Amino acid sequence: MAALSMTEFENLSSFVYRKTGIRFESKKIYFISKRVQKRMQSLGVQTIDEYIRLLRFADLKGAEFQNLVDLLTVNETYFFRDFPQLQAFAEHCLPEIAKAKVDQGKYNLRIWSAPCSTGEEPYTLGIIMHTMLDNVKQWDIQILASDIDRNVLENARLGIYAERSIRDVPPEYLNAYFKTTSKGDYRINSDVKKMVRFEHLNLSDKDIVRDKKGFDFIFCRNLLIYFDDLSRKQLVDHFYLALNPGGFLFLGSSESVGRISTAFKMKRAGSHLVYYKD
Ligand SMILES: C[S@@+](CC[C@H](N)C(=O)[O-])C[C@H]1O[C@@H](n2cnc3c(N)ncnc32)[C@H](O)[C@@H]1O
């Protein structure tokens, strides 16, 4: 099968963009071609136009679109990714929110890891909560972990990881929160696992995202780089509504809301600057 032409690539890209918010740069044409051709071959479809027609008109339940998305997403992640930022969360933001909750007599914490990929980020947050909170058992903690890709969620729910994923886990946490399996992989501790609820969700689906409310912390790390300004703005505006007053938003190290929203305020948390809702 020949590689996609630039026009075919653009037609498919804008279709995917409208549904997911992900904007593919034209330099990604080879990467996209390979993956799309895999789907076209297994369906016996000859041209990209035919494939897009199928996605538009014959894919009523969205099953083929989901197959395509599962192949196109970039799922790179690992435990304790961006340690300095997590330190700011653990040593400054979490104690601040926890104290405010204790003062109000409300022992609950709500966190959203959006997107969570294979689960390393929400489980990392679970480990941090478990370690940092005094008397963790008295807290009602829920970590919502969502992603558009079904395959990564399946792995996340298993909670078993290879060496590569745990490479940045501090040794004392590795001992305390993981058990090695007979195959030499690492299984996450069940108390941490219980804190996390996984959900298949498209962050560009406004109706679904609009229903998410009441979070103290939202982590949306390493996703906005794949979005354009418009889809970034829509999502960040939703996050603002989804946070409780005083709640924090954490983005990836190369991402910022500065250009797209003025709603969030910034403040210092240790050596880090963090976004919060006033
Ligand atoms: C690079 S991973 C980031 C994982 C983790 N937050 C981290 O920083 O390590 C990006 C994830 O975003 C997911 N994703 C892409 N578009 C999405 C969308 N529209 N809705 C929900 N998840 C999406 C991908 O499936 C992928 O797992």
# chains A, B, ... in the order shown; residues from 1 in each chain; ligands from 1
$ residues_near_ligand --ligand "ligand 1" --cutoff "8 Å" --atoms "only C-alpha atoms and all ligand atoms" --output "short mmCIF file (atom, residue, chain, number, x, y, z; two decimals) with N, CA and C atoms, in the first residue's frame"
data_model
loop_
_atom_site.label_atom_id
_atom_site.label_comp_id
_atom_site.auth_asym_id
_atom_site.auth_seq_id
_atom_site.Cartn_x
_atom_site.Cartn_y
_atom_site.Cartn_z
N LYS A 19 -12.72 15.03 16.41
CA LYS A 19 -13.25 14.08 17.40
C LYS A 19 -12.44 14.05 18.69
N THR A 20 -11.14 14.33 18.62
CA THR A 20 -10.30 14.11 19.81
C THR A 20 -9.57 15.35 20.29
N GLY A 21 -9.45 16.36 19.46
CA GLY A 21 -8.64 17.54 19.83
C GLY A 21 -7.17 17.36 19.47
N ILE A 22 -6.76 16.15 19.07
CA ILE A 22 -5.34 15.91 18.75
C ILE A 22 -5.04 16.44 17.35
N VAL A 69 -7.93 5.19 17.09
CA VAL A 69 -7.39 6.00 18.19
C VAL A 69 -6.39 5.19 19.02
N ASP A 70 -6.73 3.92 19.27
CA ASP A 70 -5.82 3.07 20.06
C ASP A 70 -4.45 2.96 19.40
N THR A 73 -2.49 7.10 19.47
CA THR A 73 -2.11 7.89 20.65
C THR A 73 -0.66 7.61 21.06
N VAL A 74 -0.06 8.60 21.68
CA VAL A 74 1.31 8.47 22.20
C VAL A 74 1.19 8.25 23.70
N ASN A 75 1.59 7.08 24.18
CA ASN A 75 1.27 6.68 25.55
C ASN A 75 2.45 6.70 26.52
N GLU A 76 3.56 7.27 26.10
CA GLU A 76 4.77 7.27 26.95
C GLU A 76 4.47 7.81 28.35
N THR A 77 4.84 7.06 29.36
CA THR A 77 4.68 7.51 30.75
C THR A 77 5.53 6.63 31.66
N TYR A 78 5.75 7.05 32.89
CA TYR A 78 6.46 6.22 33.87
C TYR A 78 6.18 6.76 35.27
N PHE A 79 6.44 5.93 36.28
CA PHE A 79 6.20 6.33 37.66
C PHE A 79 7.11 7.50 38.03
N ARG A 81 7.21 10.52 37.15
CA ARG A 81 7.64 11.39 36.05
C ARG A 81 7.62 12.85 36.54
N SER A 113 -6.49 12.26 37.24
CA SER A 113 -5.33 12.08 36.37
C SER A 113 -5.88 11.94 34.95
N ALA A 114 -5.81 13.05 34.19
CA ALA A 114 -6.44 13.10 32.88
C ALA A 114 -5.44 13.64 31.89
N PRO A 115 -4.79 12.86 31.15
CA PRO A 115 -4.96 11.46 30.85
C PRO A 115 -3.95 10.61 31.63
N CYS A 116 -4.34 9.34 31.86
CA CYS A 116 -3.53 8.51 32.76
C CYS A 116 -2.66 7.49 32.02
N SER A 117 -2.89 7.28 30.73
CA SER A 117 -2.17 6.26 29.97
C SER A 117 -2.20 4.92 30.72
N THR A 118 -1.07 4.25 30.89
CA THR A 118 -1.07 2.90 31.49
C THR A 118 -1.12 2.91 33.02
N GLY A 119 -1.37 4.06 33.63
CA GLY A 119 -1.67 4.08 35.07
C GLY A 119 -0.52 4.51 35.98
N GLU A 120 0.67 4.70 35.43
CA GLU A 120 1.80 5.05 36.30
C GLU A 120 1.55 6.36 37.06
N GLU A 121 0.94 7.35 36.38
CA GLU A 121 0.71 8.64 37.03
C GLU A 121 -0.31 8.53 38.19
N SER A 146 -8.35 8.72 33.74
CA SER A 146 -9.09 8.54 32.48
C SER A 146 -8.15 8.60 31.28
N ASP A 147 -8.58 7.94 30.21
CA ASP A 147 -7.81 8.00 28.96
C ASP A 147 -8.76 7.62 27.81
N ILE A 148 -8.39 8.05 26.61
CA ILE A 148 -9.21 7.74 25.42
C ILE A 148 -8.86 6.36 24.85
N ASP A 149 -7.69 5.85 25.20
CA ASP A 149 -7.16 4.63 24.59
C ASP A 149 -7.55 3.42 25.47
N VAL A 152 -4.48 1.04 26.81
CA VAL A 152 -3.68 1.47 27.97
C VAL A 152 -4.48 1.28 29.26
N HIS A 200 -12.87 5.13 30.76
CA HIS A 200 -12.60 5.40 29.35
C HIS A 200 -13.30 6.70 28.99
N LEU A 201 -12.55 7.69 28.57
CA LEU A 201 -13.15 9.02 28.37
C LEU A 201 -12.36 9.83 27.36
N ASN A 202 -13.09 10.53 26.49
CA ASN A 202 -12.47 11.42 25.52
C ASN A 202 -12.52 12.84 26.08
N LEU A 203 -11.37 13.42 26.35
CA LEU A 203 -11.33 14.76 26.96
C LEU A 203 -11.84 15.83 26.01
N SER A 204 -12.08 15.49 24.76
CA SER A 204 -12.68 16.46 23.84
C SER A 204 -14.20 16.33 23.79
N ASP A 205 -14.73 15.38 24.54
CA ASP A 205 -16.19 15.22 24.58
C ASP A 205 -16.73 16.16 25.66
N PHE A 219 -4.40 16.61 37.28
CA PHE A 219 -3.12 16.43 36.57
C PHE A 219 -3.45 16.18 35.11
N CYS A 220 -3.00 17.10 34.25
CA CYS A 220 -3.17 16.87 32.81
C CYS A 220 -1.78 17.09 32.20
N ARG A 221 -0.95 16.06 32.31
CA ARG A 221 0.45 16.22 31.93
C ARG A 221 0.72 15.50 30.61
N ASN A 222 1.39 16.22 29.74
CA ASN A 222 1.85 15.65 28.47
C ASN A 222 0.72 15.20 27.54
N LEU A 223 -0.31 16.00 27.52
CA LEU A 223 -1.39 15.83 26.54
C LEU A 223 -1.56 17.10 25.70
N TYR A 226 -0.22 17.79 22.27
CA TYR A 226 -0.79 17.19 21.05
C TYR A 226 -2.05 17.93 20.59
N GLY A 252 2.21 19.31 32.03
CA GLY A 252 3.54 18.79 31.73
C GLY A 252 4.55 19.93 31.72
#
$ select_by_dssp --residues "stretch 3-248 of chain A" --states "helix (DSSP H, G or I)" --output "number ranges by chain"
A: 6-20, 26-43, 48-58, 63-72, 83-104, 120-132, 136-138, 150-158, 163-166, 171-177, 190-195, 206-210, 224-226, 229-242
$ closest_residue --among "A:Arg35, A:Arg23, A:Lys101, A:Arg18" --to "A:Ile225" --atoms "only C-alpha atoms"
A:Arg23
$ residues_around --residues "A:Gly159" --least-positions-apart "5" --cutoff "8 Å" --atoms "only C-alpha atoms" --output "CSV table (one decimal) with C-alpha atoms, in the first residue's frame"
chain,number,residue,atom,x,y,z
A,119,GLY,CA,-1.7,4.1,35.1
A,187,ARG,CA,2.8,-5.3,40.9
A,188,ILE,CA,1.4,-2.2,42.5
A,193,LYS,CA,-4.7,0.3,43.6
$ closest_residue --among "A:Ile160, A:Asp216, A:Phe239, A:Tyr276" --to "A:Ile97" --atoms "only C-alpha atoms"
A:Asp216
$ select_by_dssp --residues "stretch 62-209 of chain A" --states "strand (DSSP E)" --output "ChimeraX atom specification"
/A:108-113,140-147,160-161,178-180,186-188,196-200
$ residues_around --residues "A:Lys213" --least-positions-apart "4" --cutoff "10 Å" --atoms "only C-alpha atoms" --output "PyMOL selection string"
chain A and resi 110+112+209+238-244
$ write_last_selection --atoms "N, CA and C atoms" --output "CSV table (one decimal), in the first residue's frame"
chain,number,residue,atom,x,y,z
A,110,ARG,N,-10.2,14.6,46.2
A,110,ARG,CA,-10.5,14.1,44.9
A,110,ARG,C,-9.5,14.6,43.9
A,112,TRP,N,-7.9,14.0,39.8
A,112,TRP,CA,-8.1,13.5,38.4
A,112,TRP,C,-6.8,13.5,37.7
A,209,VAL,N,-17.0,15.8,29.9
A,209,VAL,CA,-16.0,16.5,30.7
A,209,VAL,C,-16.8,17.5,31.6
A,238,HIS,N,-12.7,23.8,31.0
A,238,HIS,CA,-13.4,22.8,31.7
A,238,HIS,C,-12.8,22.4,33.0
A,239,PHE,N,-11.4,22.3,33.0
A,239,PHE,CA,-10.7,22.0,34.2
A,239,PHE,C,-11.0,23.0,35.3
A,240,TYR,N,-11.0,24.3,34.8
A,240,TYR,CA,-11.3,25.4,35.8
A,240,TYR,C,-12.6,25.1,36.5
A,241,LEU,N,-13.6,24.8,35.7
A,241,LEU,CA,-14.9,24.5,36.3
A,241,LEU,C,-14.9,23.3,37.2
A,242,ALA,N,-14.1,22.3,36.8
A,242,ALA,CA,-14.1,21.0,37.5
A,242,ALA,C,-13.3,21.1,38.9
A,243,LEU,N,-12.5,22.1,39.0
A,243,LEU,CA,-11.8,22.2,40.3
A,243,LEU,C,-12.6,22.9,41.4
A,244,ASN,N,-12.3,22.5,42.6
A,244,ASN,CA,-12.9,23.3,43.8
A,244,ASN,C,-12.1,24.6,43.9
$ residues_around --residues "A:Phe264" --least-positions-apart "4" --cutoff "9 Å" --atoms "only C-alpha atoms" --output "ChimeraX atom specification"
/A:240,249,257-258,275-278
$ closest_residue --among "A:Ser42, A:Ser261, A:Thr181, A:Thr131" --to "A:Leu230" --atoms "only C-alpha atoms"
A:Ser261
$ closest_residue --among "A:Asp134, A:Asp191, A:Glu10, A:Asp168" --to "A:Pro95" --atoms "only C-alpha atoms"
A:Asp134
$ atom_distance --atom1 "atom CA of A:Tyr30" --atom2 "atom CA of A:Phe9"
9.6 Å
$ residues_around --residues "A:Asn175" --least-positions-apart "4" --cutoff "12 Å" --atoms "only C-alpha atoms" --output "PDB file with N, CA and C atoms, in the first residue's frame"
ATOM      1  N   ILE A 127       0.537   6.650  45.733  1.00  0.00           N
ATOM      2  CA  ILE A 127       1.679   6.395  46.625  1.00  0.00           C
ATOM      3  C   ILE A 127       1.992   7.660  47.432  1.00  0.00           C
ATOM      4  N   ILE A 166       9.292   1.580  36.186  1.00  0.00           N
ATOM      5  CA  ILE A 166       9.573   1.877  37.605  1.00  0.00           C
ATOM      6  C   ILE A 166      10.975   2.467  37.785  1.00  0.00           C
ATOM      7  N   VAL A 169      11.374   5.218  40.380  1.00  0.00           N
ATOM      8  CA  VAL A 169      10.735   5.085  41.699  1.00  0.00           C
ATOM      9  C   VAL A 169      11.828   5.050  42.767  1.00  0.00           C
ATOM     10  N   PRO A 170      11.765   5.943  43.768  1.00  0.00           N
ATOM     11  CA  PRO A 170      12.773   5.892  44.834  1.00  0.00           C
ATOM     12  C   PRO A 170      12.761   4.501  45.494  1.00  0.00           C
ATOM     13  N   PRO A 171      13.950   3.954  45.830  1.00  0.00           N
ATOM     14  CA  PRO A 171      14.040   2.570  46.317  1.00  0.00           C
ATOM     15  C   PRO A 171      13.120   2.279  47.502  1.00  0.00           C
ATOM     16  N   LYS A 179       5.333  -5.360  44.599  1.00  0.00           N
ATOM     17  CA  LYS A 179       5.786  -6.738  44.839  1.00  0.00           C
ATOM     18  C   LYS A 179       6.274  -7.279  43.504  1.00  0.00           C
ATOM     19  N   THR A 180       7.379  -8.013  43.520  1.00  0.00           N
ATOM     20  CA  THR A 180       7.829  -8.575  42.243  1.00  0.00           C
ATOM     21  C   THR A 180       7.020  -9.832  41.913  1.00  0.00           C
ATOM     22  N   TYR A 186       6.637  -5.834  38.245  1.00  0.00           N
ATOM     23  CA  TYR A 186       6.326  -5.192  39.529  1.00  0.00           C
ATOM     24  C   TYR A 186       4.820  -4.961  39.635  1.00  0.00           C
ATOM     25  N   ARG A 187       4.222  -5.478  40.716  1.00  0.00           N
ATOM     26  CA  ARG A 187       2.773  -5.319  40.914  1.00  0.00           C
ATOM     27  C   ARG A 187       2.527  -4.230  41.959  1.00  0.00           C
ATOM     28  N   ILE A 188       1.642  -3.299  41.621  1.00  0.00           N
ATOM     29  CA  ILE A 188       1.365  -2.185  42.543  1.00  0.00           C
ATOM     30  C   ILE A 188       0.587  -2.692  43.769  1.00  0.00           C
ATOM     31  N   ASN A 189       0.879  -2.115  44.893  1.00  0.00           N
ATOM     32  CA  ASN A 189       0.242  -2.432  46.177  1.00  0.00           C
ATOM     33  C   ASN A 189      -1.291  -2.265  46.110  1.00  0.00           C
TER      34      ASN A 189
END
